[in-house]
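Peer 1: My structure is below; once you've seen it, I'll send some questions.
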Amino acid sequence: MTQLLASLPGDDHDVAVTATGAALVETSGAEEQISVASQWRLMWWRFRKHKLALLGAIVVALFYVAALGADFFAYSNPYDSGSVRANVPPQPIYFFDNGEFGPFVYGLKRERDTATLKLIYTADPSVKIPLQFFAKGFEYDFLGIFPADVHIIGPVDGAAEETIYLLGTDIQGRDLWSRIMFGTRTSLTIGLAGVLLSLVLGVVLGGISGFFGGWVDTLIQRLIEIIRSVPVIPLWLGLTAAMPKDWDILLVYFFITIIISFIGWTELGRVVRGRFLALRHEDFVAAAELAGSSTRRIIFVHMLPLLTSHIIAATTLALPVMIISETSLSFLGLGLRIPAISWGTLLHDAQNVQALAITPWLLIVAIPVIVAILAFNLFGDGLRDAADPYA
Amino acid sequence: MIRYLLRRFGLALLTIWAISMVAFLIIQLPPGDYITTYISRLGEAGTSTSEQQLAILREQYGLDQPLWVQYGKWMSLVLQGQFGLSLLYVRPVADVVGERLALTMVVSIAALAFTWILAIPIGIYSAVRQYSIGDYVFTIVGFIGLAVPSFLLALVLLYLSFVYFGANIGGLFSPEFEDAPWSVAKLMDLLGHLPIPALVLGSAGTAQLVRVLRANLLDELRKPYVTTARAKGLSEQVLISKYPVRVALNPFASTIGFVFPTIVSGSIIISTVLSLPTVGPVLLAALQAQDMFLAGAIVLLLGVMTVIGTFVSDLILAWLDPRVRRARAA
């Protein structure tokens, strides 16, 4: 039997699903394959059909790779400032030199506008600065543990800070690409603690609400309704501003996620409650009860595992909300504050339209924000559709 | 019906109470009581306060009494319409906030109207012509609309208009009307300025509602009664607008309760980007200056406003959907 299964085209489930009218032998084999496939395998099959969700998953994975290796992908020190390279517009990196592979950038020519006295940078085609991959640059701890100084790209000799301006620099001459890499790390991880807490709150309160019903259910449902009908942004603003100004950035950071999660759990709570209500009257729950299982055992061993996929989907959809929250709060200057680097604090620099007209490249930060939220939403949507493969 | 409304009304009161607690918490959180802050502020401004005045203030807010007494005193003052003094503007909070609160309401309702006017036809089109090119285009635009935080949309629009037209699209009034008393001309000017903030604020909600309506309508369209009506020779247009759309619209009304708070929330951020004269910029300034009386009052007022909006939407829902009207409280 196992050999028969192994000989089947393991990935060709599309055939399996649609092949009811095809040759009898193939059909029975394919049906067999479906009926013995585990829940997770069925979910994967269904998820895979959703091409946009698959794309979203890949993009999300790439974002987290960037977040983990932010200091490797950043070629310049994101804190290193210099007035001689303030507001440099983006300069391309060239990978081919006269048809041969050999990355280089052009040198910068600095001129002063005689009327406005502003520094104007132009590429100088007569100066080619050769680059190399895995070049040495500023020192950091890879993954926070291993001391390293290798970066994805850098000049053969000299400092990256003074040669490469892939996305330009800000008013203090700090490299935007490198800052975006560090911002990615902050913005994608700040939500995690909050989502985790929302997850716990949502599962516990939603579970209690759905399992016990009665007045507990009514109470929790009213609580959810109240929280959902409150305009949240003014509340966050108030609470974050009420935190002492002399607190460490990290502490503020942590408290913001906590505050966000106290509001964020409601959606998950509703999902979990709905599923618990549906499962409560299933035969296997009654059987477990008759067999003398404790309530705790019934909830955690028998019911919760059935919800795992729903919970994962809801969590994925909660992350972009966290990203938007952090970005908006920091953008207003009430979330993370300098020197912390996040997408929100980077966008904070782009707040002034007059300044933006001079340095429009600062708006580039909007691209990773939008792409990340889009990818998370697509990924989460696909997960939600796949969460119940028997439907 | 009456039972449903009573339940909703009770919930609204409960929500307002919860919000008032949080607003009070916001006022209480910063170190020191607010009278101390008040004195130091007034001192900085060069005004001195007499001991007697301070004693009256202390008594008024019950500062030497336990927290719940302070909360009670604050609430009873608030109920009389006394929100205290703004340290930032050195004026009563009610004066600072009054007109701005009304404008916040105007902007929010405009955004809600925009959401509906756009979402209903698009949702119907997308469902009736499922998998057409138009449906795909709307789906993609909708997903992007959901992914762009509203303040980013505002920022990009502001930047583009500044660079390409040299015009500032921010604000709710032209400069000549800013301080002018209300008149028909000023009202027209306001209406002319509303579309941009409404578009920015309503974009995410529109995308969401289009998805909801499309999914609901698709479910309805597959039901047998639609086939029956078609078999009886009803024209497609009359059929769709008369039956499935009406059913599919019901969840629409019930989502106002969630959409409205989001819009009010969003207006705070948008207003600072587009420099709209709503309560948003004042709230931000108050928070940055730790003017907690002003901030707490704004949070409370916004909350109350949202709750009223939600309650009105509940009324509309009850009027629209007989199932809600006749349902017994579970």
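In the structure tokens, each chain is lettered A, B, ... as it comes, each chain's residues begin at 1, and ligands are numbered from 1 in order of appearance.
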Which residues of chain A are close to chain B, meaning at most 8 Å apart when you count only C-alpha atoms, and how do they look as a PyMOL selection string?
Peer 2: chain A and resi 222+226-235+237-239+241-244+324+328+332+351+353+356-357+366+369-371+373-374+377
Peer 1: Extract the full set of helix (DSSP H, G or I) residues from stretch 147-276 of chain B according to DSSP on the backbone, and format it as a PyMOL selection string.
Peer 2: chain B and resi 147+150-164+175-177+184-193+195-221+224-231+236-242+244-274
Peer 1: Write out, as a JSON list (two decimals), in the first residue's frame, the residues just selected, with C-alpha atoms.
Peer 2:
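Saved file again-v4.json follows:
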[["chain", "number", "residue", "atom", "x", "y", "z"],
["B", 147, "ALA", "CA", -2.18, 47.87, 2.13],
["B", 150, "SER", "CA", -3.89, 56.27, 5.01],
["B", 151, "PHE", "CA", -1.22, 58.69, 6.17],
["B", 152, "LEU", "CA", 1.10, 57.44, 3.42],
["B", 153, "LEU", "CA", -1.61, 57.97, 0.82],
["B", 154, "ALA", "CA", -2.10, 61.50, 2.15],
["B", 155, "LEU", "CA", 1.64, 62.15, 2.09],
["B", 156, "VAL", "CA", 2.04, 60.92, -1.47],
["B", 157, "LEU", "CA", -0.96, 62.93, -2.72],
["B", 158, "LEU", "CA", 0.36, 65.99, -0.96],
["B", 159, "TYR", "CA", 3.81, 65.52, -2.47],
["B", 160, "LEU", "CA", 2.51, 64.91, -6.01],
["B", 161, "SER", "CA", 0.22, 67.93, -5.96],
["B", 162, "PHE", "CA", 3.01, 70.06, -4.57],
["B", 163, "VAL", "CA", 5.53, 69.00, -7.20],
["B", 164, "TYR", "CA", 3.27, 68.86, -10.25],
["B", 175, "PRO", "CA", -6.87, 81.02, 3.20],
["B", 176, "GLU", "CA", -9.41, 83.83, 2.71],
["B", 177, "PHE", "CA", -12.12, 81.81, 4.49],
["B", 184, "VAL", "CA", -22.75, 80.16, 2.15],
["B", 185, "ALA", "CA", -19.49, 80.93, 0.38],
["B", 186, "LYS", "CA", -17.49, 79.42, 3.22],
["B", 187, "LEU", "CA", -19.67, 76.33, 3.19],
["B", 188, "MET", "CA", -19.13, 75.90, -0.55],
["B", 189, "ASP", "CA", -15.41, 76.32, 0.02],
["B", 190, "LEU", "CA", -15.52, 73.57, 2.66],
["B", 191, "LEU", "CA", -17.39, 71.25, 0.29],
["B", 192, "GLY", "CA", -14.77, 71.90, -2.37],
["B", 193, "HIS", "CA", -12.00, 70.88, 0.02],
["B", 195, "PRO", "CA", -13.07, 65.22, -1.46],
["B", 196, "ILE", "CA", -9.32, 64.75, -0.83],
["B", 197, "PRO", "CA", -9.58, 63.98, 2.92],
["B", 198, "ALA", "CA", -12.67, 61.85, 2.24],
["B", 199, "LEU", "CA", -10.80, 59.88, -0.41],
["B", 200, "VAL", "CA", -7.76, 59.37, 1.79],
["B", 201, "LEU", "CA", -9.77, 58.39, 4.85],
["B", 202, "GLY", "CA", -12.25, 56.25, 3.01],
["B", 203, "SER", "CA", -9.87, 54.25, 0.83],
["B", 204, "ALA", "CA", -9.17, 51.38, 3.22],
["B", 205, "GLY", "CA", -12.80, 51.12, 4.31],
["B", 206, "THR", "CA", -13.96, 51.14, 0.70],
["B", 207, "ALA", "CA", -11.65, 48.27, -0.19],
["B", 208, "GLN", "CA", -12.91, 46.29, 2.79],
["B", 209, "LEU", "CA", -16.59, 46.91, 2.07],
["B", 210, "VAL", "CA", -16.20, 46.00, -1.59],
["B", 211, "ARG", "CA", -14.82, 42.62, -0.50],
["B", 212, "VAL", "CA", -17.70, 42.10, 1.95],
["B", 213, "LEU", "CA", -20.40, 43.10, -0.51],
["B", 214, "ARG", "CA", -18.91, 41.04, -3.32],
["B", 215, "ALA", "CA", -18.72, 37.92, -1.17],
["B", 216, "ASN", "CA", -22.26, 38.40, 0.20],
["B", 217, "LEU", "CA", -23.76, 39.07, -3.19],
["B", 218, "LEU", "CA", -22.02, 36.06, -4.73],
["B", 219, "ASP", "CA", -23.59, 33.88, -2.04],
["B", 220, "GLU", "CA", -27.02, 35.36, -2.74],
["B", 221, "LEU", "CA", -26.76, 35.09, -6.51],
["B", 224, "PRO", "CA", -32.59, 29.23, -5.97],
["B", 225, "TYR", "CA", -34.86, 32.25, -5.65],
["B", 226, "VAL", "CA", -32.67, 34.10, -8.11],
["B", 227, "THR", "CA", -33.08, 31.32, -10.64],
["B", 228, "THR", "CA", -36.82, 31.32, -10.01],
["B", 229, "ALA", "CA", -37.09, 35.04, -10.60],
["B", 230, "ARG", "CA", -35.04, 34.69, -13.76],
["B", 231, "ALA", "CA", -37.24, 31.82, -14.97],
["B", 236, "GLU", "CA", -31.72, 41.09, -14.87],
["B", 237, "GLN", "CA", -31.39, 44.65, -13.62],
["B", 238, "VAL", "CA", -34.64, 44.74, -11.68],
["B", 239, "LEU", "CA", -33.97, 41.27, -10.32],
["B", 240, "ILE", "CA", -30.53, 42.03, -8.97],
["B", 241, "SER", "CA", -31.26, 45.44, -7.53],
["B", 242, "LYS", "CA", -34.56, 44.38, -6.00],
["B", 244, "PRO", "CA", -30.06, 39.90, -3.80],
["B", 245, "VAL", "CA", -28.56, 43.37, -3.43],
["B", 246, "ARG", "CA", -30.97, 44.24, -0.66],
["B", 247, "VAL", "CA", -30.07, 41.12, 1.27],
["B", 248, "ALA", "CA", -26.37, 41.58, 0.61],
["B", 249, "LEU", "CA", -26.50, 45.16, 1.87],
["B", 250, "ASN", "CA", -27.56, 44.17, 5.37],
["B", 251, "PRO", "CA", -24.14, 43.21, 6.67],
["B", 252, "PHE", "CA", -23.10, 46.56, 5.24],
["B", 253, "ALA", "CA", -25.14, 48.47, 7.74],
["B", 254, "SER", "CA", -23.85, 46.31, 10.55],
["B", 255, "THR", "CA", -20.25, 47.05, 9.61],
["B", 256, "ILE", "CA", -20.76, 50.82, 10.03],
["B", 257, "GLY", "CA", -20.31, 50.19, 13.71],
["B", 258, "PHE", "CA", -16.75, 49.06, 13.03],
["B", 259, "VAL", "CA", -15.97, 51.28, 10.07],
["B", 260, "PHE", "CA", -16.93, 54.51, 11.78],
["B", 261, "PRO", "CA", -14.48, 54.22, 14.72],
["B", 262, "THR", "CA", -11.71, 53.39, 12.25],
["B", 263, "ILE", "CA", -12.50, 56.47, 10.20],
["B", 264, "VAL", "CA", -12.53, 58.73, 13.27],
["B", 265, "SER", "CA", -9.24, 57.18, 14.37],
["B", 266, "GLY", "CA", -7.74, 57.67, 10.95],
["B", 267, "SER", "CA", -8.86, 61.28, 10.79],
["B", 268, "ILE", "CA", -6.50, 62.06, 13.67],
["B", 269, "ILE", "CA", -3.47, 61.00, 11.66],
["B", 270, "ILE", "CA", -4.68, 62.33, 8.32],
["B", 271, "SER", "CA", -5.45, 65.71, 9.80],
["B", 272, "THR", "CA", -1.88, 66.25, 10.92],
["B", 273, "VAL", "CA", -0.56, 65.32, 7.47],
["B", 274, "LEU", "CA", -3.11, 67.32, 5.51]]
Peer 1: For atom CA of A:Ala74 and atom CA of A:Lys128, quote the distance in Å rounded to one decimal.
Peer 2: 21.5 Å
Peer 1: In Å, how far is it from atom CA of A:Tyr121 to atom CA of A:Arg85?
Peer 2: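 Atom CA of A:Arg85 lies at a distance of 8.8 Å from atom CA of A:Tyr121.
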Peer 1: At a cut-off of 9 Å, using only C-alpha atoms, what residues contact A:Leu201? Leave out same-chain residues fewer than 3 positions from it and give the result as a PyMOL selection string.
Peer 2: chain A and resi 196-198+204-206+261-262+265-266+268-269
Peer 1: Tell me which protein, DNA and RNA residues are within 10 Å of A:Pro125, counting only C-alpha atoms, leaving out same-chain ones fewer than 2 positions away, and put them as JSON, numbers by chain.
Peer 2: {"A": [105, 106, 107, 108, 109, 122, 123, 127, 128]}
Peer 1: With only C-alpha atoms as the atoms that count, which of B:Ile133, B:Leu85, B:Ile140, B:Val312 lies nearest to B:Phe9?
Peer 2: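 Once distances to B:Phe9 are computed over only C-alpha atoms, the minimum belongs to B:Val312.
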Peer 1: Out of A:Ile58, A:Ile299, A:Leu42, A:Ile367, which residue has the shortest atom-to-atom distance to A:Thr184 when counting only C-alpha atoms?
Peer 2: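 Closest candidate: A:Ile367.
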